[in-house]
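> Next up, structure.cif (mmCIF, C-alpha atoms).
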```cif
data_run
loop_
_atom_site.label_atom_id
_atom_site.label_comp_id
_atom_site.auth_asym_id
_atom_site.auth_seq_id
_atom_site.Cartn_x
_atom_site.Cartn_y
_atom_site.Cartn_z
CA MET N 1 0.00 0.00 0.00
CA ASP N 2 1.37 3.40 -1.01
CA ALA N 3 0.46 6.83 0.42
CA ALA N 4 0.74 8.62 -2.92
CA ASP N 5 -1.53 6.08 -4.61
CA LEU N 6 -4.05 6.25 -1.79
CA ASP N 7 -4.05 10.03 -1.96
CA TYR N 8 -4.51 10.11 -5.74
CA ARG N 9 -7.42 7.69 -5.70
CA ALA N 10 -9.08 9.44 -2.77
CA ARG N 11 -8.77 12.88 -4.40
CA THR N 12 -9.87 11.81 -7.87
CA LEU N 13 -12.27 9.02 -6.84
CA SER N 14 -10.79 6.96 -9.65
CA GLY N 15 -9.85 3.30 -9.57
CA CYS N 16 -11.64 2.84 -6.27
CA ILE N 17 -15.04 2.39 -4.66
CA PRO N 18 -16.12 5.96 -3.80
CA PRO N 19 -17.92 6.93 -0.58
CA LEU N 20 -21.42 7.03 -2.10
CA MET N 21 -21.04 3.52 -3.44
CA VAL N 22 -19.72 2.26 -0.11
CA SER N 23 -22.80 3.73 1.56
CA ARG N 24 -25.06 2.07 -1.00
CA LEU N 25 -23.38 -1.30 -0.47
CA LEU N 26 -23.89 -1.04 3.27
CA GLU N 27 -27.49 0.16 2.94
CA LEU N 28 -28.30 -2.88 0.78
CA GLY N 29 -26.69 -5.28 3.24
CA HIS N 30 -23.43 -6.02 1.41
CA ASP N 31 -21.32 -5.73 4.57
CA LYS N 32 -19.15 -8.71 3.63
CA GLU N 33 -18.11 -7.09 0.38
CA VAL N 34 -17.16 -3.88 2.16
CA GLU N 35 -15.16 -5.86 4.72
CA PHE N 36 -13.42 -7.83 1.96
CA GLN N 37 -12.52 -4.72 -0.05
CA ALA N 38 -11.30 -2.95 3.09
CA GLY N 39 -8.59 -5.57 3.31
CA ARG N 40 -7.62 -5.09 -0.34
CA GLY N 41 -6.63 -1.41 -0.28
CA GLU N 42 -10.05 0.21 -0.75
CA TRP N 43 -9.70 3.20 1.55
CA PHE N 44 -13.33 4.31 1.67
CA CYS N 45 -14.40 0.75 2.47
CA ALA N 46 -11.77 0.56 5.23
CA ARG N 47 -12.86 3.88 6.71
CA GLU N 48 -16.53 2.94 6.91
CA TRP N 49 -15.86 -0.62 8.05
CA ALA N 50 -13.63 0.63 10.87
CA ARG N 51 -16.32 3.07 11.96
CA LEU N 52 -18.92 0.30 11.95
CA LEU N 53 -16.69 -1.99 13.99
CA GLY N 54 -16.10 0.80 16.48
CA ASP N 55 -19.86 1.41 16.78
CA ARG N 56 -20.26 -2.30 17.54
CA GLY N 57 -17.69 -2.13 20.34
CA ARG N 58 -15.03 -3.99 18.37
CA GLN N 59 -12.35 -1.34 18.76
CA ALA N 60 -9.29 -3.56 18.39
CA GLU N 61 -10.59 -4.95 15.10
CA ALA N 62 -11.34 -1.45 13.86
CA LEU N 63 -7.74 -0.40 14.49
CA GLU N 64 -6.49 -3.53 12.71
CA VAL N 65 -8.48 -2.53 9.62
CA LEU N 66 -6.87 0.92 9.58
CA ALA N 67 -3.36 -0.20 10.54
CA PRO N 68 -1.95 -0.85 7.02
CA TYR N 69 -3.29 2.49 5.80
CA VAL N 70 -1.88 4.41 8.78
CA ALA N 71 1.44 2.62 8.33
CA THR N 72 1.91 4.37 4.96
CA GLY N 73 2.11 7.75 6.73
CA TRP N 74 -0.95 9.03 4.89
CA TRP N 75 -2.59 11.78 6.98
CA PRO N 76 -6.29 11.05 6.18
CA ALA N 77 -5.86 7.51 7.53
CA ALA N 78 -4.16 8.77 10.68
CA ARG N 79 -6.86 11.39 11.17
CA THR N 80 -9.60 8.77 10.85
CA GLN N 81 -7.90 6.65 13.49
CA ALA N 82 -7.45 9.68 15.76
CA GLU N 83 -11.14 10.57 15.39
CA LEU N 84 -12.12 7.04 16.37
CA LEU N 85 -9.78 7.06 19.36
CA GLU N 86 -11.18 10.36 20.59
CA GLY N 87 -14.71 9.08 20.15
CA TRP N 88 -13.84 6.07 22.28
CA GLY N 89 -12.55 8.29 25.09
CA ARG N 90 -8.89 7.72 24.23
CA ALA N 91 -7.96 11.34 23.53
CA GLU N 92 -4.34 11.06 24.71
CA GLU N 93 -3.69 8.34 22.14
CA ALA N 94 -5.34 10.47 19.46
CA ILE N 95 -3.13 13.44 20.35
CA ALA N 96 0.01 11.31 20.31
CA LEU N 97 -0.93 9.95 16.90
CA ALA N 98 -1.56 13.39 15.39
CA ARG N 99 1.52 15.19 16.79
CA PRO N 100 4.10 14.02 14.21
CA TYR N 101 1.87 14.98 11.30
CA ALA N 102 1.27 18.47 12.73
CA GLN N 103 4.94 19.31 12.21
CA THR N 104 4.15 19.94 8.55
CA GLY N 105 1.48 22.54 9.40
CA GLY N 106 -1.67 22.80 7.32
CA PRO N 107 -4.69 20.56 7.98
CA PRO N 108 -2.85 18.22 10.41
CA LEU N 109 -1.87 21.18 12.58
CA GLU N 110 -5.41 22.55 12.53
CA TYR N 111 -6.75 19.14 13.55
CA LEU N 112 -4.24 18.72 16.37
CA ALA N 113 -4.91 22.23 17.69
CA ARG N 114 -8.67 21.71 17.83
CA LEU N 115 -8.13 18.29 19.40
CA LEU N 116 -5.85 19.78 22.06
CA ALA N 117 -8.36 22.56 22.78
CA ARG N 118 -11.12 20.02 23.36
CA HIS N 119 -8.99 18.21 25.92
CA GLY N 120 -7.41 20.87 28.09
CA GLY N 121 -4.58 21.92 25.80
CA ALA N 122 -5.91 25.27 24.56
CA ASP N 123 -2.74 27.17 25.49
CA GLU N 124 -0.55 24.83 23.45
CA ALA N 125 -3.04 25.05 20.60
CA VAL N 126 -2.88 28.86 20.58
CA ARG N 127 0.91 28.82 20.66
CA ARG N 128 1.15 26.42 17.72
CA LEU N 129 -1.47 28.19 15.64
CA SER N 130 -0.09 31.66 16.28
CA ALA N 131 3.12 30.63 14.51
CA GLY N 132 1.09 29.71 11.45
CA ILE N 133 -1.27 32.69 11.32
CA GLU N 134 -0.32 33.38 7.68
CA ASP N 135 -2.52 30.40 6.76
CA TRP N 136 -6.17 31.53 6.87
CA VAL N 137 -7.36 28.06 7.88
CA LEU N 138 -5.02 28.06 10.87
CA ALA N 139 -5.94 31.66 11.65
CA THR N 140 -9.62 30.71 11.70
CA ALA N 141 -8.92 27.83 14.09
CA LEU N 142 -6.85 30.20 16.24
CA VAL N 143 -9.77 32.61 16.60
CA ASP N 144 -12.13 29.76 17.46
CA ILE N 145 -9.83 28.53 20.22
CA ALA N 146 -8.56 31.87 21.59
CA GLY N 147 -11.70 32.69 23.57
CA GLU N 148 -11.61 29.43 25.49
CA ALA N 149 -7.93 29.99 26.23
CA GLY N 150 -8.51 33.55 27.43
CA ARG N 151 -6.20 34.86 24.72
CA ASP N 152 -8.57 37.02 22.67
CA GLU N 153 -6.51 40.21 22.99
CA ASP N 154 -3.27 38.49 22.06
CA VAL N 155 -4.82 37.04 18.92
CA ALA N 156 -6.60 40.32 18.12
CA ALA N 157 -3.21 42.08 18.13
CA LEU N 158 -1.80 39.50 15.70
CA LEU N 159 -4.74 39.99 13.37
CA ALA N 160 -4.65 43.79 13.56
CA ALA N 161 -1.03 43.64 12.43
CA ARG N 162 -2.22 41.90 9.28
CA VAL N 163 -4.40 44.87 8.25
CA PRO N 164 -2.25 47.57 6.62
CA GLU N 165 -3.62 51.09 6.85
CA GLY N 166 -5.39 52.31 3.74
CA HIS N 167 -5.07 49.06 1.78
CA ARG N 168 -7.63 46.45 0.82
CA CYS N 169 -7.00 43.57 -1.54
CA ASP N 170 -8.92 43.68 -4.81
CA SER N 171 -8.06 40.10 -5.79
CA PRO N 172 -7.20 36.81 -4.07
CA TRP N 173 -3.61 37.14 -5.31
CA CYS N 174 -2.94 40.62 -3.93
CA CYS N 175 -1.41 40.02 -0.48
CA ARG N 176 0.56 36.92 0.39
CA GLY N 177 -0.57 34.84 3.35
CA LEU N 178 -3.53 36.01 5.40
CA ASP N 179 -5.21 38.75 3.37
CA PRO N 180 -6.52 41.90 5.10
CA ASP N 181 -10.21 41.22 4.47
CA THR N 182 -9.97 37.77 6.06
CA ALA N 183 -8.04 39.25 9.00
CA ILE N 184 -10.75 41.90 9.42
CA GLY N 185 -13.45 39.25 9.46
CA LEU N 186 -11.62 37.20 12.09
CA LEU N 187 -10.90 40.26 14.21
CA ALA N 188 -14.59 41.22 14.00
CA ALA N 189 -15.50 37.73 15.24
CA ILE N 190 -13.36 38.30 18.33
CA ARG N 191 -14.91 41.72 18.99
CA GLU N 192 -18.41 40.30 18.68
CA ARG N 193 -17.50 37.53 21.13
CA GLN N 194 -16.33 40.25 23.53
CA ASP N 195 -19.71 42.02 23.16
CA ARG N 196 -17.99 44.88 21.35
CA VAL N 197 -20.56 44.68 18.58
CA ASP N 198 -20.26 48.26 17.34
CA GLU N 199 -16.52 47.76 16.83
CA ALA N 200 -17.17 44.54 14.94
CA ILE N 201 -19.68 46.30 12.67
CA ALA N 202 -17.29 49.18 12.03
CA LEU N 203 -14.53 46.73 11.13
CA LEU N 204 -16.70 44.79 8.70
CA ARG N 205 -17.77 47.95 6.93
CA THR N 206 -14.13 48.50 5.88
CA ARG N 207 -13.88 45.27 3.87
CA ASN N 208 -13.47 45.24 0.12
CA VAL N 209 -14.78 41.69 -0.40
CA THR N 210 -18.01 41.43 1.58
CA SER N 211 -19.34 37.98 0.73
CA VAL N 212 -17.63 34.61 1.05
CA ASN N 213 -19.29 31.34 0.05
CA ASN N 214 -22.63 33.11 -0.44
CA HIS N 215 -22.63 34.51 3.09
CA ASP N 216 -22.12 38.06 4.29
CA GLN N 217 -20.57 38.24 7.76
CA LEU N 218 -21.88 41.74 8.45
CA ALA N 219 -25.43 40.79 7.51
CA ASP N 220 -25.28 37.70 9.71
CA LEU N 221 -23.93 39.75 12.63
CA LEU N 222 -26.69 42.37 12.31
CA ALA N 223 -29.30 39.61 12.22
CA ARG N 224 -27.89 37.87 15.30
CA HIS N 225 -28.09 41.11 17.29
CA ASP N 226 -31.60 42.04 16.14
CA ARG N 227 -30.43 45.17 14.36
CA ILE N 228 -33.02 44.76 11.67
CA GLU N 229 -33.23 48.34 10.44
CA GLU N 230 -29.47 48.43 9.97
CA LEU N 231 -29.70 45.12 8.16
CA ARG N 232 -32.47 46.49 5.96
CA ALA N 233 -30.33 49.50 5.04
CA TYR N 234 -27.33 47.31 4.38
CA ALA N 235 -29.38 44.98 2.18
CA ALA N 236 -30.27 47.97 0.00
CA SER N 237 -26.59 48.66 -0.69
CA GLU N 238 -25.05 45.15 -0.83
CA HIS N 239 -25.13 44.16 -4.50
CA HIS N 240 -24.71 40.38 -4.19
CA GLY N 241 -28.12 39.90 -2.59
CA HIS N 242 -26.72 37.94 0.35
CA ALA N 243 -27.77 40.61 2.84
CA ALA N 244 -31.25 40.66 1.32
CA GLN N 245 -31.46 36.90 1.73
CA CYS N 246 -30.29 37.19 5.35
CA LEU N 247 -32.99 39.79 6.00
CA ALA N 248 -35.63 37.62 4.36
CA ASP N 249 -34.55 34.60 6.43
CA VAL N 250 -34.88 36.58 9.68
CA LEU N 251 -38.31 37.91 8.76
CA GLU N 252 -39.53 34.47 7.70
CA GLU N 253 -38.34 32.97 11.00
CA ARG N 254 -40.39 35.61 12.81
CA GLY N 255 -43.49 34.69 10.86
CA ASP N 256 -43.41 37.79 8.66
CA VAL N 257 -43.63 35.99 5.32
CA GLU N 258 -44.90 39.04 3.45
CA GLY N 259 -42.01 41.06 4.80
CA ALA N 260 -39.56 38.39 3.64
CA ILE N 261 -41.07 38.38 0.17
CA ALA N 262 -40.94 42.16 0.08
CA ALA N 263 -37.24 42.09 1.02
CA TYR N 264 -36.50 39.97 -2.03
CA ARG N 265 -38.75 41.96 -4.35
CA THR N 266 -37.28 45.27 -3.20
CA PHE N 267 -33.80 44.03 -3.98
CA GLY N 268 -35.06 42.52 -7.24
CA ASP N 269 -36.23 45.92 -8.43
CA SER N 270 -32.60 47.04 -8.77
CA PRO N 271 -30.78 46.47 -12.08
CA GLU N 272 -30.13 42.73 -12.39
CA GLY N 273 -31.22 42.37 -8.77
CA MET N 274 -33.74 39.59 -9.37
CA TRP N 275 -30.97 37.60 -11.09
CA ASN N 276 -29.37 37.19 -7.64
CA VAL N 277 -32.45 36.49 -5.53
CA ALA N 278 -35.00 34.80 -7.82
CA VAL N 279 -34.17 31.26 -6.71
CA PRO N 280 -34.30 31.91 -2.92
CA LEU N 281 -37.50 33.92 -3.45
CA ALA N 282 -39.05 31.06 -5.41
CA ARG N 283 -38.06 28.59 -2.68
CA LEU N 284 -39.61 30.85 -0.04
CA LEU N 285 -42.87 31.01 -1.98
CA VAL N 286 -42.92 27.23 -2.42
CA ARG N 287 -42.35 26.70 1.32
CA HIS N 288 -45.52 28.66 1.95
CA GLY N 289 -47.69 26.93 -0.62
CA ARG N 290 -47.45 29.62 -3.30
CA SER N 291 -45.95 27.60 -6.13
CA ASP N 292 -47.78 29.49 -8.87
CA GLU N 293 -46.15 32.72 -7.71
CA ALA N 294 -42.75 30.97 -7.60
CA ILE N 295 -43.23 29.84 -11.19
CA GLU N 296 -44.18 33.37 -12.19
CA VAL N 297 -40.98 34.73 -10.60
CA MET N 298 -38.77 32.39 -12.64
CA HIS N 299 -40.86 32.87 -15.80
CA THR N 300 -40.51 36.63 -15.56
CA LEU N 301 -36.78 36.37 -14.97
CA ALA N 302 -36.40 34.16 -18.05
CA ASP N 303 -38.30 36.73 -20.13
CA GLN N 304 -36.13 39.56 -18.83
CA VAL N 305 -32.63 38.17 -19.05
CA GLY N 306 -32.98 35.41 -21.63
CA ALA N 307 -33.26 31.64 -21.46
CA GLU N 308 -30.18 30.81 -19.42
CA ASP N 309 -30.09 27.07 -18.81
CA TRP N 310 -30.10 27.35 -14.99
CA ILE N 311 -33.14 29.66 -15.08
CA VAL N 312 -35.06 27.35 -17.41
CA ASP N 313 -34.02 24.32 -15.38
CA THR N 314 -35.35 25.89 -12.17
CA LEU N 315 -38.56 26.90 -13.92
CA CYS N 316 -39.14 23.44 -15.42
CA THR N 317 -38.41 21.77 -12.09
CA LEU N 318 -41.08 23.96 -10.49
CA TYR N 319 -43.53 23.01 -13.24
CA ALA N 320 -42.77 19.30 -12.77
CA ASP N 321 -42.88 19.37 -8.97
CA HIS N 322 -46.22 21.16 -8.79
CA GLY N 323 -48.38 19.30 -11.27
CA ARG N 324 -47.93 21.66 -14.19
CA ALA N 325 -45.84 19.52 -16.54
CA GLN N 326 -48.00 20.45 -19.53
CA ASP N 327 -47.32 24.15 -18.90
CA GLY N 328 -43.62 23.36 -18.73
CA LEU N 329 -43.73 21.59 -22.07
CA ALA N 330 -45.62 24.53 -23.57
CA TYR N 331 -42.87 26.87 -22.33
CA LEU N 332 -40.17 24.68 -23.88
CA ASP N 333 -42.15 24.51 -27.15
CA ALA N 334 -42.27 28.30 -27.30
CA LEU N 335 -38.56 28.51 -26.48
CA LYS N 336 -37.76 25.99 -29.21
CA ALA N 337 -39.82 27.96 -31.73
CA ARG N 338 -37.94 31.16 -30.86
CA ARG N 339 -34.70 29.31 -31.56
CA GLY N 340 -35.67 28.25 -35.04
CA GLY N 341 -36.94 24.80 -34.11
CA GLU N 342 -33.65 23.67 -32.57
CA GLU N 343 -33.33 22.42 -29.01
CA GLU N 344 -29.89 21.69 -27.62
CA TRP N 345 -29.55 18.86 -25.14
CA ASP N 346 -29.38 21.07 -22.03
CA PHE N 347 -32.95 22.16 -22.75
CA PHE N 348 -34.17 18.88 -24.18
CA ARG N 349 -33.08 17.14 -20.96
CA MET N 350 -35.69 19.23 -19.13
CA ARG N 351 -38.30 18.14 -21.66
CA LEU N 352 -37.59 14.51 -20.80
CA ARG N 353 -38.74 14.76 -17.20
CA LEU N 354 -41.79 16.87 -18.05
CA THR N 355 -42.89 14.36 -20.71
CA ALA N 356 -42.41 11.52 -18.24
CA GLU N 357 -44.46 13.45 -15.65
CA CYS N 358 -47.29 13.49 -18.17
CA GLY N 359 -47.24 9.68 -18.17
CA LEU N 360 -45.40 9.42 -21.46
CA LEU N 361 -42.12 7.86 -20.36
CA ASP N 362 -41.68 5.62 -23.41
CA GLU N 363 -42.41 8.53 -25.71
CA ALA N 364 -39.85 10.63 -23.83
CA ILE N 365 -37.20 7.95 -24.25
CA GLU N 366 -37.94 7.57 -27.97
CA GLN N 367 -37.58 11.33 -28.38
CA ALA N 368 -34.28 11.21 -26.49
CA TRP N 369 -32.78 8.51 -28.69
CA ALA N 370 -33.89 10.46 -31.77
CA HIS N 371 -32.33 13.71 -30.60
CA PRO N 372 -29.18 14.79 -32.54
CA GLU N 373 -27.20 14.37 -29.30
CA GLY N 374 -29.06 11.21 -28.28
CA ASP N 375 -26.04 8.96 -28.81
CA ALA N 376 -23.83 10.99 -26.45
CA TRP N 377 -22.75 9.64 -23.07
CA TYR N 378 -24.58 12.39 -21.19
CA ALA N 379 -27.80 11.55 -23.02
CA ALA N 380 -27.46 7.90 -22.01
CA TRP N 381 -27.03 9.01 -18.39
CA ALA N 382 -30.23 11.08 -18.45
CA ILE N 383 -32.19 8.29 -20.13
CA SER N 384 -30.95 5.69 -17.66
CA ASP N 385 -31.98 7.89 -14.74
CA LEU N 386 -35.52 8.10 -16.08
CA LEU N 387 -35.66 4.34 -16.53
CA ALA N 388 -34.28 3.64 -13.07
CA GLU N 389 -36.72 6.05 -11.42
CA THR N 390 -39.59 3.96 -12.79
CA GLY N 391 -38.06 0.66 -11.70
CA ARG N 392 -36.73 -0.34 -15.12
CA THR N 393 -33.18 -0.83 -13.83
CA GLU N 394 -32.19 -3.53 -16.34
CA GLU N 395 -33.04 -1.17 -19.18
CA ALA N 396 -31.12 1.60 -17.40
CA VAL N 397 -28.04 -0.63 -17.37
CA ALA N 398 -28.50 -1.45 -21.06
CA ALA N 399 -28.69 2.26 -21.89
CA LEU N 400 -25.40 2.97 -20.11
CA GLU N 401 -23.30 -0.03 -21.13
CA PRO N 402 -22.34 1.31 -24.59
CA HIS N 403 -21.00 4.41 -22.82
CA ALA N 404 -19.53 2.65 -19.79
CA PRO N 405 -16.15 4.45 -19.62
CA ALA N 406 -17.86 7.83 -19.25
CA ASN N 407 -20.67 6.61 -17.01
CA ILE N 408 -18.93 4.30 -14.57
CA GLY N 409 -20.52 5.82 -11.46
CA PRO N 410 -24.19 5.63 -12.44
CA LEU N 411 -23.71 2.26 -14.14
CA ALA N 412 -22.08 0.80 -11.03
CA GLY N 413 -24.91 2.18 -8.91
CA HIS N 414 -27.52 0.42 -11.04
CA LEU N 415 -25.54 -2.82 -10.96
CA ILE N 416 -25.43 -2.67 -7.17
CA ASP N 417 -29.19 -2.12 -7.10
CA LEU N 418 -29.58 -5.27 -9.21
CA GLY N 419 -27.39 -7.26 -6.81
CA ARG N 420 -24.52 -7.51 -9.30
CA VAL N 421 -22.03 -6.33 -6.71
CA LYS N 422 -18.91 -8.03 -8.10
CA ASP N 423 -19.56 -6.54 -11.54
CA ALA N 424 -20.02 -3.08 -10.02
CA VAL N 425 -16.83 -3.31 -7.97
CA ALA N 426 -14.79 -4.53 -10.95
CA LEU N 427 -16.14 -1.65 -13.04
CA LEU N 428 -15.25 0.96 -10.42
CA GLN N 429 -11.76 -0.41 -9.93
CA SER N 430 -11.10 -0.49 -13.67
CA ARG N 431 -11.19 3.30 -14.05
#
```
Write out the structure in this file as structure tokens.


Amino acid sequence: MDAADLDYRARTLSGCIPPLMVSRLLELGHDKEVEFQAGRGEWFCAREWARLLGDRGRQAEALEVLAPYVATGWWPAARTQAELLEGWGRAEEAIALARPYAQTGGPPLEYLARLLARHGGADEAVRRLSAGIEDWVLATALVDIAGEAGRDEDVAALLAARVPEGHRCDSPWCCRGLDPDTAIGLLAAIRERQDRVDEAIALLRTRNVTSVNNHDQLADLLARHDRIEELRAYAASEHHGHAAQCLADVLEERGDVEGAIAAYRTFGDSPEGMWNVAVPLARLLVRHGRSDEAIEVMHTLADQVGAEDWIVDTLCTLYADHGRAQDGLAYLDALKARRGGEEEWDFFRMRLRLTAECGLLDEAIEQAWAHPEGDAWYAAWAISDLLAETGRTEEAVAALEPHAPANIGPLAGHLIDLGRVKDAVALLQSR
């Protein structure tokens, strides 16, 4: 067993049984196959089998399963073993296992620091992480741990030193190491924890990049502290729509559904505003039994900005989910006519489900095979999914087999469902 090979297969999910397939094998009662493959170098099988053994009180056997993987020096295997040890109340062993890996910094150091903090070693964790504050992941862990260690001011000083006066990065490649905007966000988190909320707000208002991973830290902070009017004002100026969504979420939680809808619609009245909030607005309307209004929102957006595939996909899904498949087909017919009678596969794929929802599955499949792109691997995937959803799994397999190299995952899944486990495993390992 080789660490580099394990790492490559785990990162690319190639030549191995991936996590979703391991879960499917276990759900269908193929425990023996998972156990067998765990002993043959299949990491995801070994990981889940060790966890199962641990849950059954067979700790020594669980460690034996992981031993050859840990022996390669591969960090994910060592981390899995450390997590199991901690869960079994053997934290000191977990810490001892993780220490050598933490010398390299990065994820192993973050893991060790959080592990230490959970078991009385917060001071050591802060000391180790402070040396690596240039790494934003380590800096984030440092802020999380500092409060418990009583070291908020020390860490705040380190972060403040990372914020040069009068400069804000305008790209991810501007400043090396911990960028100023990230440092500001972490410093604001400390100030909020210290109940210095006004300082935290003032800090966050100096950022250049306001939203990360579709969340706005300032909007979330204002919501947590019930500063709704400030949040409302901020939502009017924040162009991503994340503050508007935060405001709508707060109002919905309070039972003010109309206010939440108005928050989205107000933002949507700005140029291109609805582009950013149409989907969360539609979901809000659906949650409250107003699917026709949700459909109208997406239909209007499609008319305004053009038939982008994600807009049409959302619209057609709403039609299908709410008993209006015929209306969805009519929309696609009109769209096809506007495009000179042509319908590329991205749009035709939506037609497939709507036709099937009308009780015309066989007709939908015939249309798919006849489509100019019907012999492509992605078409076979879509057709097989339709067949499998209606219990025609053998036909789903037959649809995929001519395109097996490009459709290994879905084909293996169908084979497992049919009980052809050995065939599925061989297919997955051949990639």

> Would you translate the PyMOL selection byres ((chain N and resi 158-164) around 9) into the concrete set of residues it matches in this file, as a list in words?

Ser130, Ile133, Glu134, Ala139, Glu153, Asp154, Val155, Ala156, Ala157, Glu165, Gly166, His167, Arg168, Leu178, Asp179, Pro180, Asp181, Ala183, Ile184, Leu186 and Leu187 of chain N

> Generate the output file for the selected residues, C-alpha atoms, as an mmCIF file, in the coordinates of the input.


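Saved to again_5.cif:
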```
data_model
loop_
_atom_site.group_PDB
_atom_site.id
_atom_site.type_symbol
_atom_site.label_atom_id
_atom_site.label_comp_id
_atom_site.auth_asym_id
_atom_site.auth_seq_id
_atom_site.Cartn_x
_atom_site.Cartn_y
_atom_site.Cartn_z
ATOM 1 C CA SER N 130 -0.090 31.660 16.280
ATOM 2 C CA ILE N 133 -1.270 32.690 11.320
ATOM 3 C CA GLU N 134 -0.320 33.380 7.680
ATOM 4 C CA ALA N 139 -5.940 31.660 11.650
ATOM 5 C CA GLU N 153 -6.510 40.210 22.990
ATOM 6 C CA ASP N 154 -3.270 38.490 22.060
ATOM 7 C CA VAL N 155 -4.820 37.040 18.920
ATOM 8 C CA ALA N 156 -6.600 40.320 18.120
ATOM 9 C CA ALA N 157 -3.210 42.080 18.130
ATOM 10 C CA GLU N 165 -3.620 51.090 6.850
ATOM 11 C CA GLY N 166 -5.390 52.310 3.740
ATOM 12 C CA HIS N 167 -5.070 49.060 1.780
ATOM 13 C CA ARG N 168 -7.630 46.450 0.820
ATOM 14 C CA LEU N 178 -3.530 36.010 5.400
ATOM 15 C CA ASP N 179 -5.210 38.750 3.370
ATOM 16 C CA PRO N 180 -6.520 41.900 5.100
ATOM 17 C CA ASP N 181 -10.210 41.220 4.470
ATOM 18 C CA ALA N 183 -8.040 39.250 9.000
ATOM 19 C CA ILE N 184 -10.750 41.900 9.420
ATOM 20 C CA LEU N 186 -11.620 37.200 12.090
ATOM 21 C CA LEU N 187 -10.900 40.260 14.210
#
```

> Measure the distance from atom CA of N:Val397 to atom CA of N:Ser384 in Å and round it to one decimal.

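Computing the Euclidean distance for atom CA of N:Val397 and atom CA of N:Ser384 yields 7.0 Å.
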
> Given the file above and the PyMOL selection byres ((chain N and resi 21) around 10), which residues are selected, and can you give them as a PyMOL selection string?

chain N and resi 16-20+22-27+44-45+409-410+412-413+416+424-425+428

> Distance atom CA of N:Glu394-atom CA of N:Gly419, one decimal place?

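Taking atom CA of N:Glu394 as the start and atom CA of N:Gly419 as the end point, the length is 11.3 Å.
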
> Could you list the residues chosen by the PyMOL selection byres ((chain N and resi 302-317) around 10) in this structure as number ranges by chain?

N: 272, 274-275, 278-279, 282, 294-301, 318-322, 324-325, 327-329, 331-332, 335, 346-347, 349-351, 353-354

> Go ahead and save the picked residues with C-alpha atoms, as an mmCIF file, keeping the file's coordinate frame.


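Output saved as selection-v4.cif:
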```cif
data_model
loop_
_atom_site.group_PDB
_atom_site.id
_atom_site.type_symbol
_atom_site.label_atom_id
_atom_site.label_comp_id
_atom_site.auth_asym_id
_atom_site.auth_seq_id
_atom_site.Cartn_x
_atom_site.Cartn_y
_atom_site.Cartn_z
ATOM 1 C CA GLU N 272 -30.130 42.730 -12.390
ATOM 2 C CA MET N 274 -33.740 39.590 -9.370
ATOM 3 C CA TRP N 275 -30.970 37.600 -11.090
ATOM 4 C CA ALA N 278 -35.000 34.800 -7.820
ATOM 5 C CA VAL N 279 -34.170 31.260 -6.710
ATOM 6 C CA ALA N 282 -39.050 31.060 -5.410
ATOM 7 C CA ALA N 294 -42.750 30.970 -7.600
ATOM 8 C CA ILE N 295 -43.230 29.840 -11.190
ATOM 9 C CA GLU N 296 -44.180 33.370 -12.190
ATOM 10 C CA VAL N 297 -40.980 34.730 -10.600
ATOM 11 C CA MET N 298 -38.770 32.390 -12.640
ATOM 12 C CA HIS N 299 -40.860 32.870 -15.800
ATOM 13 C CA THR N 300 -40.510 36.630 -15.560
ATOM 14 C CA LEU N 301 -36.780 36.370 -14.970
ATOM 15 C CA LEU N 318 -41.080 23.960 -10.490
ATOM 16 C CA TYR N 319 -43.530 23.010 -13.240
ATOM 17 C CA ALA N 320 -42.770 19.300 -12.770
ATOM 18 C CA ASP N 321 -42.880 19.370 -8.970
ATOM 19 C CA HIS N 322 -46.220 21.160 -8.790
ATOM 20 C CA ARG N 324 -47.930 21.660 -14.190
ATOM 21 C CA ALA N 325 -45.840 19.520 -16.540
ATOM 22 C CA ASP N 327 -47.320 24.150 -18.900
ATOM 23 C CA GLY N 328 -43.620 23.360 -18.730
ATOM 24 C CA LEU N 329 -43.730 21.590 -22.070
ATOM 25 C CA TYR N 331 -42.870 26.870 -22.330
ATOM 26 C CA LEU N 332 -40.170 24.680 -23.880
ATOM 27 C CA LEU N 335 -38.560 28.510 -26.480
ATOM 28 C CA ASP N 346 -29.380 21.070 -22.030
ATOM 29 C CA PHE N 347 -32.950 22.160 -22.750
ATOM 30 C CA ARG N 349 -33.080 17.140 -20.960
ATOM 31 C CA MET N 350 -35.690 19.230 -19.130
ATOM 32 C CA ARG N 351 -38.300 18.140 -21.660
ATOM 33 C CA ARG N 353 -38.740 14.760 -17.200
ATOM 34 C CA LEU N 354 -41.790 16.870 -18.050
#
```

> Please tell me which residues are no farther than 8 Å from (-10.2, -1.4, 11.3) in the file, counting all atoms listed in the file, and write them as a ChimeraX atom specification.

/N:46-47,49-51,53,59-67

> Store the residues of this selection in a file with C-alpha atoms, as an mmCIF file, keeping the file's coordinate frame.


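Result file selection.cif:
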```
data_model
loop_
_atom_site.group_PDB
_atom_site.id
_atom_site.type_symbol
_atom_site.label_atom_id
_atom_site.label_comp_id
_atom_site.auth_asym_id
_atom_site.auth_seq_id
_atom_site.Cartn_x
_atom_site.Cartn_y
_atom_site.Cartn_z
ATOM 1 C CA ALA N 46 -11.770 0.560 5.230
ATOM 2 C CA ARG N 47 -12.860 3.880 6.710
ATOM 3 C CA TRP N 49 -15.860 -0.620 8.050
ATOM 4 C CA ALA N 50 -13.630 0.630 10.870
ATOM 5 C CA ARG N 51 -16.320 3.070 11.960
ATOM 6 C CA LEU N 53 -16.690 -1.990 13.990
ATOM 7 C CA GLN N 59 -12.350 -1.340 18.760
ATOM 8 C CA ALA N 60 -9.290 -3.560 18.390
ATOM 9 C CA GLU N 61 -10.590 -4.950 15.100
ATOM 10 C CA ALA N 62 -11.340 -1.450 13.860
ATOM 11 C CA LEU N 63 -7.740 -0.400 14.490
ATOM 12 C CA GLU N 64 -6.490 -3.530 12.710
ATOM 13 C CA VAL N 65 -8.480 -2.530 9.620
ATOM 14 C CA LEU N 66 -6.870 0.920 9.580
ATOM 15 C CA ALA N 67 -3.360 -0.200 10.540
#
```
